[in-house]
>>> print(open('query21.cif').read())   # mmCIF, N, CA and C atoms and all ligand atoms
data_run
loop_
_atom_site.label_atom_id
_atom_site.label_comp_id
_atom_site.auth_asym_id
_atom_site.auth_seq_id
_atom_site.Cartn_x
_atom_site.Cartn_y
_atom_site.Cartn_z
N MET D 292 24.30 22.08 -4.47
CA MET D 292 23.80 20.70 -4.56
C MET D 292 24.04 19.94 -3.27
N ASN D 293 23.70 20.58 -2.20
CA ASN D 293 23.85 19.89 -0.93
C ASN D 293 22.52 19.41 -0.40
N PHE D 294 22.43 18.15 -0.23
CA PHE D 294 21.21 17.63 0.35
C PHE D 294 21.36 17.61 1.86
N THR D 295 20.49 18.34 2.47
CA THR D 295 20.59 18.38 3.92
C THR D 295 19.78 17.27 4.57
N LEU D 296 19.01 16.59 3.75
CA LEU D 296 18.16 15.54 4.30
C LEU D 296 18.91 14.22 4.37
N GLU D 297 20.01 14.24 5.01
CA GLU D 297 20.75 13.00 5.09
C GLU D 297 20.31 12.19 6.31
N LEU D 298 19.85 11.02 6.02
CA LEU D 298 19.34 10.19 7.11
C LEU D 298 20.43 9.29 7.65
N ARG D 299 20.33 9.03 8.89
CA ARG D 299 21.28 8.13 9.52
C ARG D 299 20.55 7.12 10.37
N LEU D 300 21.21 6.01 10.55
CA LEU D 300 20.64 5.00 11.43
C LEU D 300 20.42 5.61 12.80
N GLY D 301 19.27 5.34 13.35
CA GLY D 301 18.98 5.85 14.68
C GLY D 301 18.23 7.16 14.67
N ASP D 302 18.20 7.80 13.50
CA ASP D 302 17.41 9.02 13.42
C ASP D 302 15.95 8.70 13.71
N VAL D 303 15.30 9.64 14.30
CA VAL D 303 13.89 9.42 14.62
C VAL D 303 13.02 10.15 13.62
N ILE D 304 12.13 9.40 13.01
CA ILE D 304 11.22 9.98 12.03
C ILE D 304 9.80 9.53 12.33
N ASP D 305 8.87 10.21 11.75
CA ASP D 305 7.47 9.81 11.91
C ASP D 305 7.14 8.68 10.95
N ASP D 306 6.37 7.75 11.43
CA ASP D 306 5.83 6.73 10.53
C ASP D 306 4.59 6.14 11.17
N PHE D 307 3.85 5.43 10.37
CA PHE D 307 2.64 4.82 10.89
C PHE D 307 2.98 3.47 11.49
N CYS D 308 2.57 3.28 12.73
CA CYS D 308 2.79 1.99 13.39
C CYS D 308 1.48 1.23 13.40
N VAL D 309 1.52 0.01 12.84
CA VAL D 309 0.29 -0.78 12.78
C VAL D 309 -0.11 -1.26 14.17
N LYS D 310 0.86 -1.40 15.05
CA LYS D 310 0.50 -1.87 16.39
C LYS D 310 -0.12 -0.74 17.20
N CYS D 311 0.47 0.41 17.09
CA CYS D 311 -0.09 1.56 17.79
C CYS D 311 -1.26 2.16 17.01
N ARG D 312 -1.33 1.79 15.77
CA ARG D 312 -2.39 2.27 14.88
C ARG D 312 -2.41 3.78 14.79
N ARG D 313 -1.28 4.35 14.72
CA ARG D 313 -1.21 5.78 14.53
C ARG D 313 0.21 6.17 14.18
N LEU D 314 0.40 7.42 13.87
CA LEU D 314 1.73 7.92 13.62
C LEU D 314 2.48 8.00 14.93
N THR D 315 3.64 7.44 14.91
CA THR D 315 4.46 7.53 16.11
C THR D 315 5.89 7.83 15.70
N ASN D 316 6.71 8.09 16.68
CA ASN D 316 8.13 8.25 16.40
C ASN D 316 8.76 6.90 16.13
N HIS D 317 9.58 6.87 15.11
CA HIS D 317 10.28 5.63 14.77
C HIS D 317 11.77 5.92 14.62
N ALA D 318 12.56 5.00 15.07
CA ALA D 318 14.00 5.10 14.85
C ALA D 318 14.34 4.31 13.60
N ILE D 319 15.18 4.88 12.78
CA ILE D 319 15.60 4.19 11.57
C ILE D 319 16.57 3.08 11.91
N VAL D 320 16.26 1.89 11.46
CA VAL D 320 17.16 0.77 11.72
C VAL D 320 17.82 0.27 10.45
N SER D 321 17.32 0.71 9.31
CA SER D 321 17.93 0.28 8.06
C SER D 321 17.70 1.35 7.00
N ILE D 322 18.75 1.61 6.24
CA ILE D 322 18.64 2.62 5.19
C ILE D 322 19.08 2.02 3.86
N ILE D 323 18.26 2.23 2.86
CA ILE D 323 18.63 1.79 1.52
C ILE D 323 18.53 2.98 0.59
N GLN D 324 19.58 3.26 -0.10
CA GLN D 324 19.62 4.38 -1.04
C GLN D 324 19.14 5.67 -0.40
N GLN D 325 19.70 5.95 0.74
CA GLN D 325 19.42 7.21 1.43
C GLN D 325 17.97 7.32 1.90
N LYS D 326 17.29 6.20 1.85
CA LYS D 326 15.91 6.25 2.33
C LYS D 326 15.71 5.22 3.42
N PRO D 327 14.89 5.57 4.37
CA PRO D 327 14.63 4.60 5.43
C PRO D 327 13.97 3.36 4.88
N ALA D 328 14.52 2.21 5.19
CA ALA D 328 13.94 0.96 4.72
C ALA D 328 13.20 0.28 5.86
N LYS D 329 13.81 0.30 7.01
CA LYS D 329 13.15 -0.29 8.17
C LYS D 329 13.21 0.68 9.33
N VAL D 330 12.16 0.66 10.07
CA VAL D 330 12.09 1.54 11.22
C VAL D 330 11.57 0.76 12.43
N ARG D 331 11.85 1.34 13.59
CA ARG D 331 11.37 0.71 14.82
C ARG D 331 10.56 1.72 15.62
N CYS D 332 9.37 1.29 15.93
CA CYS D 332 8.49 2.17 16.69
C CYS D 332 9.09 2.45 18.07
N ARG D 333 9.05 3.72 18.44
CA ARG D 333 9.62 4.09 19.73
C ARG D 333 8.62 3.85 20.86
N ILE D 334 7.42 3.52 20.49
CA ILE D 334 6.41 3.28 21.51
C ILE D 334 6.36 1.80 21.86
N CYS D 335 6.22 0.97 20.83
CA CYS D 335 6.05 -0.46 21.10
C CYS D 335 7.28 -1.26 20.68
N TYR D 336 8.25 -0.60 20.10
CA TYR D 336 9.52 -1.24 19.72
C TYR D 336 9.38 -2.36 18.70
N SER D 337 8.37 -2.27 17.87
CA SER D 337 8.28 -3.27 16.81
C SER D 337 8.94 -2.74 15.55
N ASP D 338 9.63 -3.63 14.86
CA ASP D 338 10.28 -3.26 13.61
C ASP D 338 9.33 -3.49 12.45
N HIS D 339 9.41 -2.65 11.49
CA HIS D 339 8.66 -2.90 10.26
C HIS D 339 9.23 -2.05 9.14
N ASP D 340 8.81 -2.34 7.94
CA ASP D 340 9.25 -1.54 6.81
C ASP D 340 8.72 -0.13 6.94
N TYR D 341 9.50 0.78 6.46
CA TYR D 341 9.07 2.16 6.49
C TYR D 341 7.88 2.33 5.57
N ARG D 342 6.85 2.98 6.07
CA ARG D 342 5.60 3.05 5.33
C ARG D 342 5.34 4.43 4.75
N HIS D 343 6.30 5.28 4.83
CA HIS D 343 6.10 6.64 4.32
C HIS D 343 4.88 7.29 4.98
N GLU D 344 4.74 6.99 6.23
CA GLU D 344 3.67 7.60 7.03
C GLU D 344 2.28 7.25 6.56
N GLN D 345 2.19 6.20 5.76
CA GLN D 345 0.88 5.80 5.26
C GLN D 345 0.32 4.65 6.09
N ALA D 346 -0.94 4.77 6.40
CA ALA D 346 -1.59 3.64 7.04
C ALA D 346 -1.75 2.53 6.02
N PRO D 347 -1.59 1.31 6.44
CA PRO D 347 -1.78 0.20 5.49
C PRO D 347 -3.24 0.13 5.10
N PRO D 348 -3.51 -0.35 3.91
CA PRO D 348 -4.89 -0.48 3.47
C PRO D 348 -5.62 -1.48 4.35
N SER D 349 -6.84 -1.16 4.66
CA SER D 349 -7.63 -2.09 5.45
C SER D 349 -8.07 -3.25 4.58
N LYS D 350 -8.62 -4.27 5.20
CA LYS D 350 -9.08 -5.42 4.42
C LYS D 350 -10.18 -5.01 3.46
N LYS D 351 -11.01 -4.11 3.92
CA LYS D 351 -12.06 -3.59 3.05
C LYS D 351 -11.46 -3.00 1.79
N ASP D 352 -10.47 -2.17 2.00
CA ASP D 352 -9.86 -1.51 0.85
C ASP D 352 -9.23 -2.52 -0.09
N LEU D 353 -8.63 -3.53 0.47
CA LEU D 353 -8.02 -4.56 -0.36
C LEU D 353 -9.08 -5.23 -1.22
N LYS D 354 -10.20 -5.51 -0.59
CA LYS D 354 -11.29 -6.15 -1.31
C LYS D 354 -11.76 -5.24 -2.44
N LYS D 355 -11.92 -4.00 -2.12
CA LYS D 355 -12.34 -3.04 -3.12
C LYS D 355 -11.35 -3.01 -4.28
N ALA D 356 -10.12 -2.95 -3.95
CA ALA D 356 -9.08 -2.88 -4.98
C ALA D 356 -9.13 -4.12 -5.86
N GLU D 357 -9.40 -5.23 -5.22
CA GLU D 357 -9.48 -6.48 -5.96
C GLU D 357 -10.64 -6.44 -6.96
N LEU D 358 -11.78 -6.01 -6.48
CA LEU D 358 -12.95 -5.89 -7.35
C LEU D 358 -12.66 -4.93 -8.49
N PHE D 359 -12.07 -3.85 -8.14
CA PHE D 359 -11.78 -2.83 -9.14
C PHE D 359 -10.86 -3.39 -10.20
N ALA D 360 -9.89 -4.16 -9.77
CA ALA D 360 -8.95 -4.77 -10.72
C ALA D 360 -9.68 -5.73 -11.64
N GLN D 361 -10.64 -6.44 -11.06
CA GLN D 361 -11.41 -7.37 -11.88
C GLN D 361 -12.20 -6.63 -12.95
N VAL D 362 -12.83 -5.55 -12.54
CA VAL D 362 -13.61 -4.76 -13.49
C VAL D 362 -12.69 -4.24 -14.59
N LEU D 363 -11.57 -3.76 -14.17
CA LEU D 363 -10.61 -3.26 -15.15
C LEU D 363 -10.22 -4.36 -16.11
N ALA D 364 -9.98 -5.53 -15.58
CA ALA D 364 -9.54 -6.66 -16.39
C ALA D 364 -10.63 -7.04 -17.39
N GLN D 365 -11.86 -6.98 -16.94
CA GLN D 365 -12.96 -7.36 -17.82
C GLN D 365 -13.19 -6.31 -18.90
N GLY D 366 -13.15 -5.07 -18.50
CA GLY D 366 -13.46 -4.01 -19.46
C GLY D 366 -12.26 -3.60 -20.29
N GLY D 367 -11.11 -3.76 -19.73
CA GLY D 367 -9.94 -3.24 -20.42
C GLY D 367 -9.34 -4.19 -21.41
N THR D 368 -8.61 -5.16 -20.93
CA THR D 368 -7.92 -6.06 -21.85
C THR D 368 -8.67 -7.38 -21.91
N PRO D 369 -8.71 -7.99 -23.07
CA PRO D 369 -9.34 -9.29 -23.21
C PRO D 369 -8.57 -10.33 -22.41
N PRO D 370 -9.28 -11.27 -21.84
CA PRO D 370 -8.61 -12.30 -21.05
C PRO D 370 -7.71 -13.15 -21.92
N GLU D 371 -6.57 -13.43 -21.41
CA GLU D 371 -5.65 -14.27 -22.18
C GLU D 371 -6.14 -15.70 -22.20
N PRO D 372 -6.09 -16.30 -23.36
CA PRO D 372 -6.46 -17.72 -23.42
C PRO D 372 -5.46 -18.54 -22.64
N GLY D 373 -5.99 -19.41 -21.84
CA GLY D 373 -5.12 -20.29 -21.08
C GLY D 373 -4.47 -19.62 -19.89
N ALA D 374 -4.97 -18.47 -19.55
CA ALA D 374 -4.43 -17.84 -18.35
C ALA D 374 -4.84 -18.65 -17.15
N GLU D 375 -3.91 -18.85 -16.26
CA GLU D 375 -4.23 -19.69 -15.12
C GLU D 375 -5.11 -18.93 -14.13
N GLY D 376 -5.96 -19.70 -13.50
CA GLY D 376 -6.79 -19.12 -12.46
C GLY D 376 -7.88 -18.24 -13.01
N ALA D 377 -8.43 -18.58 -14.15
CA ALA D 377 -9.60 -17.85 -14.63
C ALA D 377 -10.79 -18.34 -13.83
N GLU D 378 -11.28 -17.46 -12.98
CA GLU D 378 -12.28 -17.92 -12.05
C GLU D 378 -13.68 -17.72 -12.60
N GLY D 379 -14.21 -18.75 -13.17
CA GLY D 379 -15.59 -18.80 -13.60
C GLY D 379 -16.20 -17.50 -14.05
N ALA D 380 -15.49 -16.74 -14.85
CA ALA D 380 -16.11 -15.55 -15.39
C ALA D 380 -16.95 -15.98 -16.58
N SER D 381 -18.23 -16.09 -16.36
CA SER D 381 -19.07 -16.71 -17.38
C SER D 381 -19.76 -15.68 -18.26
N ALA D 382 -20.63 -14.92 -17.67
CA ALA D 382 -21.53 -14.09 -18.46
C ALA D 382 -20.79 -12.97 -19.17
N ASP D 383 -20.91 -12.99 -20.47
CA ASP D 383 -20.43 -11.85 -21.23
C ASP D 383 -21.38 -10.69 -21.01
N GLY D 384 -20.86 -9.53 -20.99
CA GLY D 384 -21.73 -8.37 -20.87
C GLY D 384 -22.50 -8.31 -19.57
N ALA D 385 -22.02 -9.00 -18.60
CA ALA D 385 -22.65 -8.86 -17.30
C ALA D 385 -22.44 -7.43 -16.83
N GLU D 386 -23.42 -6.94 -16.11
CA GLU D 386 -23.27 -5.55 -15.72
C GLU D 386 -22.18 -5.44 -14.67
N ALA D 387 -21.27 -4.59 -14.98
CA ALA D 387 -20.21 -4.34 -14.03
C ALA D 387 -20.73 -3.33 -13.02
N PRO D 388 -20.36 -3.57 -11.80
CA PRO D 388 -20.78 -2.60 -10.77
C PRO D 388 -20.19 -1.23 -11.05
N ARG D 389 -21.02 -0.25 -10.98
CA ARG D 389 -20.54 1.09 -11.29
C ARG D 389 -20.12 1.77 -10.01
N LYS D 390 -19.08 2.50 -10.14
CA LYS D 390 -18.62 3.22 -8.97
C LYS D 390 -19.02 4.68 -9.10
N ARG D 391 -19.62 5.13 -8.06
CA ARG D 391 -19.93 6.56 -8.05
C ARG D 391 -18.94 7.26 -7.16
N GLY D 392 -18.77 8.50 -7.45
CA GLY D 392 -17.89 9.28 -6.60
C GLY D 392 -16.45 8.97 -6.92
N ARG D 393 -15.64 9.94 -6.73
CA ARG D 393 -14.25 9.71 -7.06
C ARG D 393 -13.44 9.60 -5.80
N LYS D 394 -12.36 8.94 -5.99
CA LYS D 394 -11.41 8.90 -4.88
C LYS D 394 -10.74 10.25 -4.79
N LYS D 395 -10.55 10.65 -3.60
CA LYS D 395 -9.87 11.93 -3.42
C LYS D 395 -8.42 11.79 -3.83
N ALA D 396 -7.98 12.75 -4.52
CA ALA D 396 -6.56 12.74 -4.87
C ALA D 396 -5.76 13.15 -3.64
N GLY D 397 -4.63 12.62 -3.56
CA GLY D 397 -3.80 13.06 -2.45
C GLY D 397 -3.67 11.96 -1.48
ZN ZN C 1 4.15 1.12 17.80
#
>>> encode(input="query21.cif", output="structure tokens", more="lines below")
Ligand SMILES: [Zn+2]
Amino acid sequence: MNFTLELRLGDVIDDFCVKCRRLTNHAIVSIIQQKPAKVRCRICYSDHDYRHEQAPPSKKDLKKAELFAQVLAQGGTPPEPGAEGAEGASADGAEAPRKRGRKKAG
């Protein structure tokens, strides 16, 4: 039961840097529960939360996710009465935009 993956402050790991817009070497500057919490890019020296090597979602993706959530909300659960911020959802049975193609898993 020996975990060899023990991280230490200053260790260099790969992560996605939004400034460099690519995977770069990052030094760990903060560790929470044996996991990197904050890292510093070794290229541009900016600190940020560890992203697990994932690029942040683009604005497009955020918009898509928002729309998708709306569709889910409309088709899935009935809107709560008196829920704040009900944005003019008027037409019942309005055609929901259909999504073709699946998101790749992984
Ligand atoms: Zn960078």
>>> residues_near_ligand(input="query21.cif", ligand="ligand ZN 1 (chain C)", cutoff="6 Å", atoms="only N, CA and C atoms and all ligand atoms", output="mmCIF file with N, CA and C atoms, keeping the file's coordinate frame")
data_model
loop_
_atom_site.group_PDB
_atom_site.id
_atom_site.type_symbol
_atom_site.label_atom_id
_atom_site.label_comp_id
_atom_site.auth_asym_id
_atom_site.auth_seq_id
_atom_site.Cartn_x
_atom_site.Cartn_y
_atom_site.Cartn_z
ATOM 1 N N CYS D 308 2.570 3.280 12.730
ATOM 2 C CA CYS D 308 2.790 1.990 13.390
ATOM 3 C C CYS D 308 1.480 1.230 13.400
ATOM 4 N N VAL D 309 1.520 0.010 12.840
ATOM 5 C CA VAL D 309 0.290 -0.780 12.780
ATOM 6 C C VAL D 309 -0.110 -1.260 14.170
ATOM 7 N N LYS D 310 0.860 -1.400 15.050
ATOM 8 C CA LYS D 310 0.500 -1.870 16.390
ATOM 9 C C LYS D 310 -0.120 -0.740 17.200
ATOM 10 N N CYS D 311 0.470 0.410 17.090
ATOM 11 C CA CYS D 311 -0.090 1.560 17.790
ATOM 12 C C CYS D 311 -1.260 2.160 17.010
ATOM 13 N N ARG D 312 -1.330 1.790 15.770
ATOM 14 C CA ARG D 312 -2.390 2.270 14.880
ATOM 15 C C ARG D 312 -2.410 3.780 14.790
ATOM 16 N N CYS D 332 9.370 1.290 15.930
ATOM 17 C CA CYS D 332 8.490 2.170 16.690
ATOM 18 C C CYS D 332 9.090 2.450 18.070
ATOM 19 N N ARG D 333 9.050 3.720 18.440
ATOM 20 C CA ARG D 333 9.620 4.090 19.730
ATOM 21 C C ARG D 333 8.620 3.850 20.860
ATOM 22 N N ILE D 334 7.420 3.520 20.490
ATOM 23 C CA ILE D 334 6.410 3.280 21.510
ATOM 24 C C ILE D 334 6.360 1.800 21.860
ATOM 25 N N CYS D 335 6.220 0.970 20.830
ATOM 26 C CA CYS D 335 6.050 -0.460 21.100
ATOM 27 C C CYS D 335 7.280 -1.260 20.680
ATOM 28 N N TYR D 336 8.250 -0.600 20.100
ATOM 29 C CA TYR D 336 9.520 -1.240 19.720
ATOM 30 C C TYR D 336 9.380 -2.360 18.700
ATOM 31 N N SER D 337 8.370 -2.270 17.870
ATOM 32 C CA SER D 337 8.280 -3.270 16.810
ATOM 33 C C SER D 337 8.940 -2.740 15.550
#
>>> atom_distance(input="query21.cif", atom1="atom N of Arg299 in chain D", atom2="atom C of Arg313 in chain D")
21.0 Å
>>> atom_distance(input="query21.cif", atom1="CA of Lys326 in chain D", atom2="CA of Leu298 in chain D")
7.1 Å
>>> atom_distance(input="query21.cif", atom1="atom C of Gly366 in chain D", atom2="atom C of Lys354 in chain D")
17.9 Å
>>> residues_around(input="query21.cif", residues="Ser321 in chain D", least_positions_apart="2", cutoff="7 Å", atoms="all atoms listed in the file", output="tab-separated table (two decimals) with N, CA and C atoms, in the coordinates of the input")
chain	number	residue	atom	x	y	z
D	300	LEU	N	21.21	6.01	10.55
D	300	LEU	CA	20.64	5.00	11.43
D	300	LEU	C	20.42	5.61	12.80
D	301	GLY	N	19.27	5.34	13.35
D	301	GLY	CA	18.98	5.85	14.68
D	301	GLY	C	18.23	7.16	14.67
D	318	ALA	N	12.56	5.00	15.07
D	318	ALA	CA	14.00	5.10	14.85
D	318	ALA	C	14.34	4.31	13.60
D	319	ILE	N	15.18	4.88	12.78
D	319	ILE	CA	15.60	4.19	11.57
D	319	ILE	C	16.57	3.08	11.91
D	323	ILE	N	18.26	2.23	2.86
D	323	ILE	CA	18.63	1.79	1.52
D	323	ILE	C	18.53	2.98	0.59
D	326	LYS	N	17.29	6.20	1.85
D	326	LYS	CA	15.91	6.25	2.33
D	326	LYS	C	15.71	5.22	3.42
D	327	PRO	N	14.89	5.57	4.37
D	327	PRO	CA	14.63	4.60	5.43
D	327	PRO	C	13.97	3.36	4.88
D	328	ALA	N	14.52	2.21	5.19
D	328	ALA	CA	13.94	0.96	4.72
D	328	ALA	C	13.20	0.28	5.86
D	329	LYS	N	13.81	0.30	7.01
D	329	LYS	CA	13.15	-0.29	8.17
D	329	LYS	C	13.21	0.68	9.33
D	330	VAL	N	12.16	0.66	10.07
D	330	VAL	CA	12.09	1.54	11.22
D	330	VAL	C	11.57	0.76	12.43
D	331	ARG	N	11.85	1.34	13.59
D	331	ARG	CA	11.37	0.71	14.82
D	331	ARG	C	10.56	1.72	15.62
>>> select_by_dssp(input="query21.cif", residues="range 294-326 of chain D", states="strand (DSSP E)", output="PyMOL selection string")
chain D and resi 303-308+313-323+326
>>> residues_around(input="query21.cif", residues="Asp306 in chain D", least_positions_apart="2", cutoff="6.5 Å", atoms="all atoms listed in the file", output="ChimeraX atom specification")
/D:304,308,313-317,342-345
>>> closest_residue(input="query21.cif", among="D:Ala346, D:Leu358, D:Gln324, D:Asp338", to="Phe307 in chain D", atoms="all atoms listed in the file")
D:Ala346
>>> axis_aligned_box(input="query21.cif", around="range 332-343 of chain D", padding_each_side="6 Å", output="JSON")
{"center_x": 7.6, "center_y": 1.8, "center_z": 13.1, "size_x": 17.4, "size_y": 22.9, "size_z": 29.5}
